[in-house]
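Asker: My structure is in protein33.cif, and what it holds is mmCIF, C-alpha atoms (C1' of nucleotides):
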data_query
loop_
_atom_site.label_atom_id
_atom_site.label_comp_id
_atom_site.auth_asym_id
_atom_site.auth_seq_id
_atom_site.Cartn_x
_atom_site.Cartn_y
_atom_site.Cartn_z
CA MET A 1 -21.27 -33.84 -27.25
CA ASN A 2 -21.88 -30.12 -27.05
CA SER A 3 -20.47 -27.75 -24.49
CA ALA A 4 -23.63 -27.48 -22.40
CA GLU A 5 -23.94 -31.26 -22.05
CA ALA A 6 -20.27 -31.56 -21.22
CA VAL A 7 -20.48 -28.91 -18.53
CA SER A 8 -23.52 -30.64 -17.00
CA VAL A 9 -21.51 -33.86 -16.79
CA LEU A 10 -18.70 -32.12 -14.93
CA THR A 11 -21.20 -30.36 -12.69
CA GLU A 12 -22.62 -33.71 -11.69
CA LEU A 13 -19.18 -35.13 -11.00
CA ASN A 14 -18.40 -32.07 -8.95
CA ARG A 15 -21.47 -32.80 -6.85
CA VAL A 16 -20.37 -36.39 -6.24
CA TYR A 17 -16.70 -35.54 -5.65
CA PRO A 18 -16.97 -32.16 -3.90
CA HIS A 19 -13.53 -32.04 -2.35
CA THR A 20 -11.38 -33.88 -4.83
CA ARG A 21 -8.93 -31.01 -4.87
CA GLU A 22 -8.58 -30.92 -1.10
CA ASP A 23 -7.89 -34.64 -1.13
CA MET A 24 -4.54 -33.87 -2.66
CA ASN A 25 -3.51 -32.56 0.69
CA PHE A 26 0.17 -32.48 -0.08
CA LEU A 27 -0.63 -29.40 -2.11
CA LYS A 28 -2.15 -27.43 0.71
CA PHE A 29 -0.55 -24.52 2.50
CA GLU A 30 2.59 -24.47 0.40
CA ASN A 31 4.34 -21.78 -1.54
CA PRO A 32 4.87 -22.22 -5.30
CA PHE A 33 8.36 -23.66 -4.84
CA GLN A 34 7.14 -26.31 -2.43
CA ILE A 35 4.11 -27.13 -4.54
CA LEU A 36 6.37 -27.62 -7.54
CA ILE A 37 8.79 -29.90 -5.70
CA MET A 38 6.03 -31.90 -4.02
CA THR A 39 4.26 -32.39 -7.31
CA ILE A 40 7.42 -33.68 -8.98
CA LEU A 41 7.89 -36.11 -6.11
CA SER A 42 4.28 -37.25 -6.20
CA ALA A 43 4.63 -39.22 -9.45
CA GLN A 44 3.63 -42.85 -9.00
CA THR A 45 3.25 -42.43 -5.25
CA THR A 46 0.55 -41.66 -2.70
CA ASP A 47 0.08 -38.34 -1.00
CA VAL A 48 0.53 -40.05 2.38
CA THR A 49 4.04 -41.10 1.45
CA ILE A 50 4.84 -37.67 0.07
CA ASN A 51 3.55 -35.89 3.15
CA GLY A 52 5.93 -37.88 5.30
CA LEU A 53 8.90 -36.32 3.51
CA ARG A 54 7.80 -32.74 3.57
CA ASP A 55 9.05 -31.55 6.95
CA GLU A 56 12.57 -32.89 6.67
CA LEU A 57 12.92 -31.90 3.03
CA PHE A 58 11.79 -28.31 3.42
CA SER A 59 13.41 -27.65 6.75
CA ARG A 60 16.72 -28.52 5.12
CA TYR A 61 15.96 -26.98 1.75
CA PRO A 62 13.40 -24.22 2.29
CA ASP A 63 13.99 -22.44 -1.03
CA PRO A 64 15.43 -22.96 -4.54
CA GLN A 65 18.82 -21.61 -3.50
CA ALA A 66 19.21 -24.18 -0.73
CA LEU A 67 18.00 -27.09 -2.84
CA ALA A 68 20.19 -26.07 -5.78
CA GLY A 69 23.25 -26.57 -3.60
CA ALA A 70 22.07 -29.79 -1.98
CA ASP A 71 24.08 -33.00 -1.78
CA LEU A 72 22.36 -35.46 -4.09
CA ARG A 73 22.85 -38.42 -1.77
CA GLU A 74 21.34 -36.52 1.12
CA VAL A 75 18.30 -35.65 -0.99
CA GLU A 76 18.03 -39.28 -2.08
CA ARG A 77 18.01 -40.40 1.54
CA ILE A 78 15.21 -38.02 2.45
CA ILE A 79 12.95 -38.82 -0.50
CA HIS A 80 13.72 -42.53 -0.61
CA PRO A 81 10.22 -43.71 0.46
CA ALA A 82 8.66 -41.97 -2.53
CA GLY A 83 10.30 -44.34 -5.01
CA PHE A 84 12.30 -43.41 -8.12
CA TYR A 85 14.49 -41.64 -5.62
CA HIS A 86 17.55 -41.47 -7.85
CA THR A 87 15.70 -39.87 -10.73
CA LYS A 88 13.60 -37.65 -8.53
CA ALA A 89 16.57 -36.38 -6.54
CA ARG A 90 18.33 -35.40 -9.75
CA ASN A 91 15.15 -33.78 -11.02
CA ILE A 92 14.29 -31.65 -8.00
CA VAL A 93 17.87 -30.44 -7.52
CA GLY A 94 18.12 -29.79 -11.25
CA THR A 95 14.83 -27.93 -11.16
CA ALA A 96 16.02 -25.82 -8.24
CA ARG A 97 19.13 -24.92 -10.21
CA CYS A 98 17.05 -23.94 -13.22
CA LEU A 99 14.85 -21.75 -11.04
CA CYS A 100 17.94 -19.94 -9.77
CA GLU A 101 19.74 -19.71 -13.10
CA ARG A 102 16.91 -19.03 -15.53
CA PHE A 103 13.93 -17.78 -13.54
CA GLY A 104 15.44 -15.50 -10.93
CA GLY A 105 14.73 -17.94 -8.12
CA GLU A 106 10.99 -17.85 -8.82
CA VAL A 107 8.64 -20.56 -10.10
CA PRO A 108 7.51 -19.68 -13.65
CA GLN A 109 3.77 -19.38 -14.19
CA THR A 110 3.23 -20.84 -17.64
CA ILE A 111 3.12 -24.46 -18.73
CA ALA A 112 5.51 -23.69 -21.58
CA GLU A 113 8.15 -22.55 -19.10
CA LEU A 114 7.42 -25.16 -16.46
CA VAL A 115 7.88 -28.11 -18.80
CA THR A 116 11.45 -27.01 -19.49
CA LEU A 117 12.30 -27.96 -15.89
CA PRO A 118 13.70 -31.47 -15.33
CA GLY A 119 11.04 -33.84 -14.02
CA VAL A 120 8.20 -31.53 -15.00
CA GLY A 121 5.87 -32.79 -17.72
CA ARG A 122 2.51 -31.41 -18.76
CA LYS A 123 0.67 -33.08 -15.90
CA THR A 124 2.91 -31.63 -13.22
CA ALA A 125 3.01 -28.25 -14.94
CA ASN A 126 -0.75 -28.08 -15.07
CA ILE A 127 -1.15 -28.92 -11.40
CA VAL A 128 1.42 -26.28 -10.47
CA THR A 129 -0.20 -23.51 -12.49
CA ASN A 130 -3.52 -24.39 -10.92
CA HIS A 131 -2.52 -24.78 -7.31
CA ALA A 132 0.33 -22.35 -7.02
CA PHE A 133 -1.09 -19.56 -9.13
CA GLY A 134 -4.78 -20.24 -9.62
CA VAL A 135 -4.22 -20.08 -13.35
CA ALA A 136 -5.74 -22.45 -15.87
CA ASP A 137 -3.19 -22.60 -18.67
CA GLY A 138 -4.45 -25.83 -20.15
CA VAL A 139 -5.86 -29.23 -19.26
CA ALA A 140 -3.55 -32.01 -18.10
CA VAL A 141 -4.44 -35.14 -20.05
CA ASP A 142 -3.13 -38.18 -18.22
CA THR A 143 -4.31 -41.75 -18.64
CA HIS A 144 -7.42 -41.18 -16.53
CA VAL A 145 -8.47 -37.99 -18.29
CA GLY A 146 -7.79 -39.52 -21.69
CA ARG A 147 -9.71 -42.70 -21.00
CA LEU A 148 -12.74 -40.95 -19.50
CA SER A 149 -12.80 -38.29 -22.19
CA GLN A 150 -13.12 -40.99 -24.81
CA ARG A 151 -15.69 -43.05 -22.93
CA ILE A 152 -17.90 -40.13 -21.95
CA GLY A 153 -17.61 -38.57 -25.39
CA PHE A 154 -15.66 -35.39 -24.64
CA SER A 155 -13.25 -36.35 -27.38
CA GLU A 156 -12.91 -38.93 -30.09
CA ASN A 157 -9.18 -38.46 -30.43
CA MET A 158 -6.41 -40.67 -29.05
CA ASP A 159 -3.58 -38.17 -29.01
CA PRO A 160 -3.41 -36.46 -25.58
CA ASN A 161 -2.63 -33.13 -27.22
CA LYS A 162 -5.74 -33.33 -29.38
CA ILE A 163 -7.83 -34.42 -26.40
CA GLU A 164 -6.59 -31.36 -24.54
CA GLN A 165 -7.62 -29.14 -27.44
CA ASP A 166 -11.07 -30.72 -27.44
CA LEU A 167 -11.46 -30.24 -23.70
CA MET A 168 -10.36 -26.62 -23.90
CA ARG A 169 -12.87 -26.04 -26.68
CA LEU A 170 -15.65 -27.86 -24.81
CA PHE A 171 -15.24 -26.29 -21.37
CA PRO A 172 -15.07 -22.67 -20.22
CA ARG A 173 -11.73 -21.75 -18.75
CA GLU A 174 -12.98 -21.78 -15.16
CA TRP A 175 -13.41 -25.56 -15.43
CA TRP A 176 -9.95 -26.34 -16.79
CA GLY A 177 -8.33 -26.65 -13.40
CA GLU A 178 -11.06 -28.93 -12.10
CA ILE A 179 -11.31 -31.37 -15.01
CA ASN A 180 -8.19 -33.21 -14.00
CA PHE A 181 -9.29 -33.79 -10.43
CA LEU A 182 -12.86 -34.69 -11.20
CA LEU A 183 -12.04 -37.17 -13.94
CA ILE A 184 -9.25 -38.74 -11.93
CA SER A 185 -11.51 -39.14 -8.90
CA HIS A 186 -14.22 -40.71 -11.00
CA GLY A 187 -11.72 -42.80 -12.91
CA ARG A 188 -10.30 -44.31 -9.77
CA ALA A 189 -13.58 -44.83 -7.95
CA VAL A 190 -15.92 -45.94 -10.74
CA CYS A 191 -14.74 -45.64 -14.32
CA THR A 192 -11.67 -47.83 -13.95
CA ALA A 193 -9.60 -49.00 -16.87
CA LYS A 194 -10.44 -52.69 -16.72
CA ARG A 195 -13.78 -53.23 -15.12
CA PRO A 196 -15.75 -49.99 -14.87
CA ALA A 197 -18.54 -50.03 -12.30
CA CYS A 198 -21.16 -48.62 -14.66
CA GLU A 199 -23.98 -49.85 -12.42
CA ARG A 200 -23.12 -47.18 -9.86
CA CYS A 201 -21.97 -44.48 -12.27
CA VAL A 202 -23.80 -41.19 -11.79
CA ILE A 203 -23.25 -40.06 -15.37
CA ARG A 204 -24.01 -43.31 -17.16
CA ASP A 205 -27.06 -41.79 -18.87
CA CYS A 206 -24.93 -39.33 -20.77
CA CYS A 207 -21.92 -41.62 -21.26
CA GLY A 208 -21.06 -42.39 -24.85
CA ALA A 209 -19.34 -45.69 -24.03
CA GLY A 210 -22.35 -47.24 -22.33
CA CYS A 211 -20.22 -50.01 -20.84
CA LYS A 212 -19.28 -51.23 -24.30
CA ASP A 213 -15.64 -51.51 -23.38
CA ARG A 214 -16.14 -53.51 -20.24
CA ALA A 215 -13.59 -56.29 -20.09
CA ASP A 216 -15.77 -58.96 -18.53
"C1'" DA B 1 1.08 -60.22 -8.11
"C1'" DT B 2 -0.57 -55.77 -9.51
"C1'" DC B 3 -1.35 -50.99 -9.69
"C1'" DC B 4 -0.12 -46.17 -8.90
"C1'" DC B 5 -3.03 -38.61 -9.43
"C1'" DG B 6 4.52 -39.62 -14.69
"C1'" DA B 7 8.69 -38.28 -17.07
"C1'" DG B 8 12.53 -39.11 -19.98
"C1'" DG B 9 14.88 -41.54 -23.33
"C1'" DG B 10 15.53 -44.71 -27.32
"C1'" DC C 1 5.70 -46.91 -30.05
"C1'" DC C 2 8.61 -49.16 -26.46
"C1'" DC C 3 11.27 -49.30 -22.05
"C1'" DT C 4 13.16 -47.86 -17.42
"C1'" DC C 5 13.16 -45.84 -12.97
"C1'" DT C 6 11.29 -47.53 -7.29
"C1'" DG C 7 8.57 -48.03 -3.11
"C1'" DG C 8 4.24 -48.70 -0.95
"C1'" DA C 9 -0.53 -50.11 -0.70
"C1'" DT C 10 -3.79 -53.66 -1.35
#
Output the file's structure as structure tokens, nothing else.
Answerer:
Amino acid sequence: MNSAEAVSVLTELNRVYPHTREDMNFLKFENPFQILIMTILSAQTTDVTINGLRDELFSRYPDPQALAGADLREVERIIHPAGFYHTKARNIVGTARCLCERFGGEVPQTIAELVTLPGVGRKTANIVTNHAFGVADGVAVDTHVGRLSQRIGFSENMDPNKIEQDLMRLFPREWWGEINFLLISHGRAVCTAKRPACERCVIRDCCGAGCKDRAD
DNA sequence: ATCCCGAGGG
DNA sequence: CCCTCTGGAT
């Protein structure tokens, strides 16, 4: 698939899912520190659950300095509903310490720096660069983006890193921040892993998979 | 029962 | 590649 075709596919998805970014409402109206922490906590959880923690968490720990000195058990209690609370508590306090010790109390702006923080992988780092700084430093390839990229024909590779390279080559930089949200929205609503609803897929005409990998 | 808008570790 | 970490929604 060439770049023009690929962009037209994303344009169509953007028409169908116009506010996919706003749907991640836990990311709204936050400073970079809070966006980073909320994104770490959001793994394997819903934004509704995460939003319920925000007020208590950030009224107690409004900045990296406060969170760096937090009592782990107190943090665990606050974030408990989000699941993985033991790991996540260690990660967000550890991240706060790293921000203070290595980044002057600021959130770094590159993926390369962000992924050195505990609990921050490429997915989280990409969301943070996008939402906190409006920077597209890459494309986060998670299971949804990988699966759809292969089905649609954006990439023929399996390795997430190679898929990311293909996507960056295929799409102009201004799309990089949107790819994740559009493909995830479409992946959840229509192009699911097991039984994709191709009959109501708006991009089925330009999809390379053509329902071949339907499980039924 | 199953799935999540992950990351880290072996 | 595999496994583990957890709660909540459906």
Asker: Mind telling me what the PyMOL selection byres ((chain C and resi 1) around 12) catches here, as a ChimeraX atom specification?
Answerer: /B:10 /C:2-3
Asker: Give me, as a PyMOL selection string, the contact residues of chain B against chain A at a cut-off of 9 Å, counting only C-alpha atoms (C1' of nucleotides).
Answerer: chain B and resi 4-8
Asker: At a cut-off of 7 Å, which residues of chain C touch chain A? Count only C-alpha atoms (C1' of nucleotides) and give the answer as a list in words.
Answerer: DC5, DT6 and DG7 of chain C
Asker: Set up a box along x, y and z of the file covering all listed atoms of segment 178-192 of chain A, add 5 Å on every one of the six sides, and write the centre and edge lengths in Å to one decimal, as JSON.
Answerer:
{"center_x": -12.1, "center_y": -38.4, "center_z": -11.5, "size_x": 17.7, "size_y": 28.9, "size_z": 17.1}
Asker: Compile the contact shell of Glu74 of chain A as a list in words: residues with an atom at most 12 Å away, counting only C-alpha atoms (C1' of nucleotides), same-chain residues fewer than 2 positions apart removed.
Answerer: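 With the cut-off at 12 Å, the set is Glu56, Leu57, Arg60, Tyr61, Leu67, Gly69, Ala70, Asp71, Leu72, Glu76, Arg77, Ile78, Ile79, His80, Tyr85, His86, Ala89, Arg90 and Val93 of chain A.
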Asker: How many Å lie between atom CA of Ala193 of chain A and atom CA of Leu36 of chain A, rounded to one decimal?
Answerer: 28.3 Å
Asker: Near DT10 of chain C, counting all atoms listed in the file, which residues have an atom at most 10 Å away, once you skip same-chain residues fewer than 2 positions from it, shown as an MDAnalysis selection string?
Answerer: (chainID B and resid 2:3) or (chainID C and resid 8)
Asker: Separation of atom CA of Glu30 of chain A and atom CA of Ala132 of chain A, in Å?
Answerer: 8.0 Å
Asker: Could you list, as a list in words, every residue within 12 Å of Phe133 of chain A, counting only C-alpha atoms (C1' of nucleotides) and ignoring same-chain residues fewer than 2 positions away?
Answerer: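 The contact residues come out as Glu30, Asn31, Pro32, Phe33, Ile35, Leu36, Val107, Pro108, Gln109, Thr110, Ile111, Ala125, Asn126, Ile127, Val128, Thr129, Asn130, His131, Val135, Ala136, Asp137 and Gly177 of chain A.
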Asker: To one decimal in Å, tell me the separation between atom C1' of DA9 of chain C and atom CA of Ile152 of chain A.
Answerer: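 Straight-line distance from atom C1' of DA9 of chain C to atom CA of Ile152 of chain A works out to 29.2 Å.
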Asker: Translate the PyMOL selection byres ((chain A and resi 198) around 12), as applied to the file shown, into an explicit residue set as a PyMOL selection string.
Answerer: chain A and resi 151-152+186-187+189-197+199-214
Asker: Working from the structure I just supplied, which lacks atoms in segment 169-193 of chain A, can you model N, CA and C atoms there and output them as a PDB file, in the coordinates of the input?
Answerer:
ATOM      1  N   ARG A 169     -11.806 -26.582 -25.830  1.00  0.00           N
ATOM      2  CA  ARG A 169     -12.870 -26.040 -26.680  1.00  0.00           C
ATOM      3  C   ARG A 169     -14.240 -26.285 -26.024  1.00  0.00           C
ATOM      4  N   LEU A 170     -14.366 -27.422 -25.361  1.00  0.00           N
ATOM      5  CA  LEU A 170     -15.650 -27.860 -24.810  1.00  0.00           C
ATOM      6  C   LEU A 170     -16.004 -27.151 -23.507  1.00  0.00           C
ATOM      7  N   PHE A 171     -14.971 -26.824 -22.702  1.00  0.00           N
ATOM      8  CA  PHE A 171     -15.240 -26.290 -21.370  1.00  0.00           C
ATOM      9  C   PHE A 171     -14.733 -24.863 -21.220  1.00  0.00           C
ATOM     10  N   PRO A 172     -15.538 -24.023 -20.547  1.00  0.00           N
ATOM     11  CA  PRO A 172     -15.070 -22.670 -20.220  1.00  0.00           C
ATOM     12  C   PRO A 172     -13.830 -22.760 -19.330  1.00  0.00           C
ATOM     13  N   ARG A 173     -13.025 -21.744 -19.413  1.00  0.00           N
ATOM     14  CA  ARG A 173     -11.730 -21.750 -18.750  1.00  0.00           C
ATOM     15  C   ARG A 173     -11.817 -22.037 -17.247  1.00  0.00           C
ATOM     16  N   GLU A 174     -12.911 -21.597 -16.620  1.00  0.00           N
ATOM     17  CA  GLU A 174     -12.980 -21.780 -15.160  1.00  0.00           C
ATOM     18  C   GLU A 174     -13.087 -23.251 -14.767  1.00  0.00           C
ATOM     19  N   TRP A 175     -13.360 -24.116 -15.744  1.00  0.00           N
ATOM     20  CA  TRP A 175     -13.410 -25.560 -15.430  1.00  0.00           C
ATOM     21  C   TRP A 175     -12.081 -26.246 -15.638  1.00  0.00           C
ATOM     22  N   TRP A 176     -11.156 -25.635 -16.358  1.00  0.00           N
ATOM     23  CA  TRP A 176      -9.950 -26.340 -16.790  1.00  0.00           C
ATOM     24  C   TRP A 176      -9.167 -26.931 -15.618  1.00  0.00           C
ATOM     25  N   GLY A 177      -9.087 -26.157 -14.540  1.00  0.00           N
ATOM     26  CA  GLY A 177      -8.330 -26.650 -13.400  1.00  0.00           C
ATOM     27  C   GLY A 177      -9.002 -27.793 -12.675  1.00  0.00           C
ATOM     28  N   GLU A 178     -10.302 -27.923 -12.852  1.00  0.00           N
ATOM     29  CA  GLU A 178     -11.060 -28.930 -12.100  1.00  0.00           C
ATOM     30  C   GLU A 178     -11.190 -30.240 -12.855  1.00  0.00           C
ATOM     31  N   ILE A 179     -11.087 -30.176 -14.185  1.00  0.00           N
ATOM     32  CA  ILE A 179     -11.310 -31.370 -15.010  1.00  0.00           C
ATOM     33  C   ILE A 179     -10.422 -32.517 -14.558  1.00  0.00           C
ATOM     34  N   ASN A 180      -9.157 -32.203 -14.379  1.00  0.00           N
ATOM     35  CA  ASN A 180      -8.190 -33.210 -14.000  1.00  0.00           C
ATOM     36  C   ASN A 180      -8.608 -33.946 -12.726  1.00  0.00           C
ATOM     37  N   PHE A 181      -8.984 -33.188 -11.720  1.00  0.00           N
ATOM     38  CA  PHE A 181      -9.290 -33.790 -10.430  1.00  0.00           C
ATOM     39  C   PHE A 181     -10.597 -34.560 -10.454  1.00  0.00           C
ATOM     40  N   LEU A 182     -11.573 -34.020 -11.147  1.00  0.00           N
ATOM     41  CA  LEU A 182     -12.860 -34.690 -11.200  1.00  0.00           C
ATOM     42  C   LEU A 182     -12.777 -35.994 -11.986  1.00  0.00           C
ATOM     43  N   LEU A 183     -12.119 -35.959 -13.133  1.00  0.00           N
ATOM     44  CA  LEU A 183     -12.040 -37.170 -13.940  1.00  0.00           C
ATOM     45  C   LEU A 183     -11.151 -38.217 -13.291  1.00  0.00           C
ATOM     46  N   ILE A 184     -10.099 -37.779 -12.628  1.00  0.00           N
ATOM     47  CA  ILE A 184      -9.250 -38.740 -11.930  1.00  0.00           C
ATOM     48  C   ILE A 184     -10.005 -39.394 -10.784  1.00  0.00           C
ATOM     49  N   SER A 185     -10.742 -38.590 -10.010  1.00  0.00           N
ATOM     50  CA  SER A 185     -11.510 -39.140  -8.900  1.00  0.00           C
ATOM     51  C   SER A 185     -12.516 -40.175  -9.395  1.00  0.00           C
ATOM     52  N   HIS A 186     -13.228 -39.798 -10.452  1.00  0.00           N
ATOM     53  CA  HIS A 186     -14.220 -40.710 -11.000  1.00  0.00           C
ATOM     54  C   HIS A 186     -13.568 -41.923 -11.641  1.00  0.00           C
ATOM     55  N   GLY A 187     -12.431 -41.707 -12.263  1.00  0.00           N
ATOM     56  CA  GLY A 187     -11.720 -42.800 -12.910  1.00  0.00           C
ATOM     57  C   GLY A 187     -11.225 -43.832 -11.908  1.00  0.00           C
ATOM     58  N   ARG A 188     -10.791 -43.379 -10.770  1.00  0.00           N
ATOM     59  CA  ARG A 188     -10.300 -44.310  -9.770  1.00  0.00           C
ATOM     60  C   ARG A 188     -11.439 -45.022  -9.056  1.00  0.00           C
ATOM     61  N   ALA A 189     -12.511 -44.270  -8.785  1.00  0.00           N
ATOM     62  CA  ALA A 189     -13.580 -44.830  -7.950  1.00  0.00           C
ATOM     63  C   ALA A 189     -14.553 -45.680  -8.760  1.00  0.00           C
ATOM     64  N   VAL A 190     -14.844 -45.287  -9.978  1.00  0.00           N
ATOM     65  CA  VAL A 190     -15.920 -45.940 -10.740  1.00  0.00           C
ATOM     66  C   VAL A 190     -15.480 -46.359 -12.136  1.00  0.00           C
ATOM     67  N   CYS A 191     -15.019 -45.393 -12.902  1.00  0.00           N
ATOM     68  CA  CYS A 191     -14.740 -45.640 -14.320  1.00  0.00           C
ATOM     69  C   CYS A 191     -13.310 -46.134 -14.502  1.00  0.00           C
ATOM     70  N   THR A 192     -13.022 -47.282 -13.925  1.00  0.00           N
ATOM     71  CA  THR A 192     -11.670 -47.830 -13.950  1.00  0.00           C
ATOM     72  C   THR A 192     -11.319 -48.354 -15.334  1.00  0.00           C
ATOM     73  N   ALA A 193     -10.055 -48.590 -15.549  1.00  0.00           N
ATOM     74  CA  ALA A 193      -9.600 -49.000 -16.870  1.00  0.00           C
ATOM     75  C   ALA A 193     -10.169 -50.361 -17.254  1.00  0.00           C
TER      76      ALA A 193
END
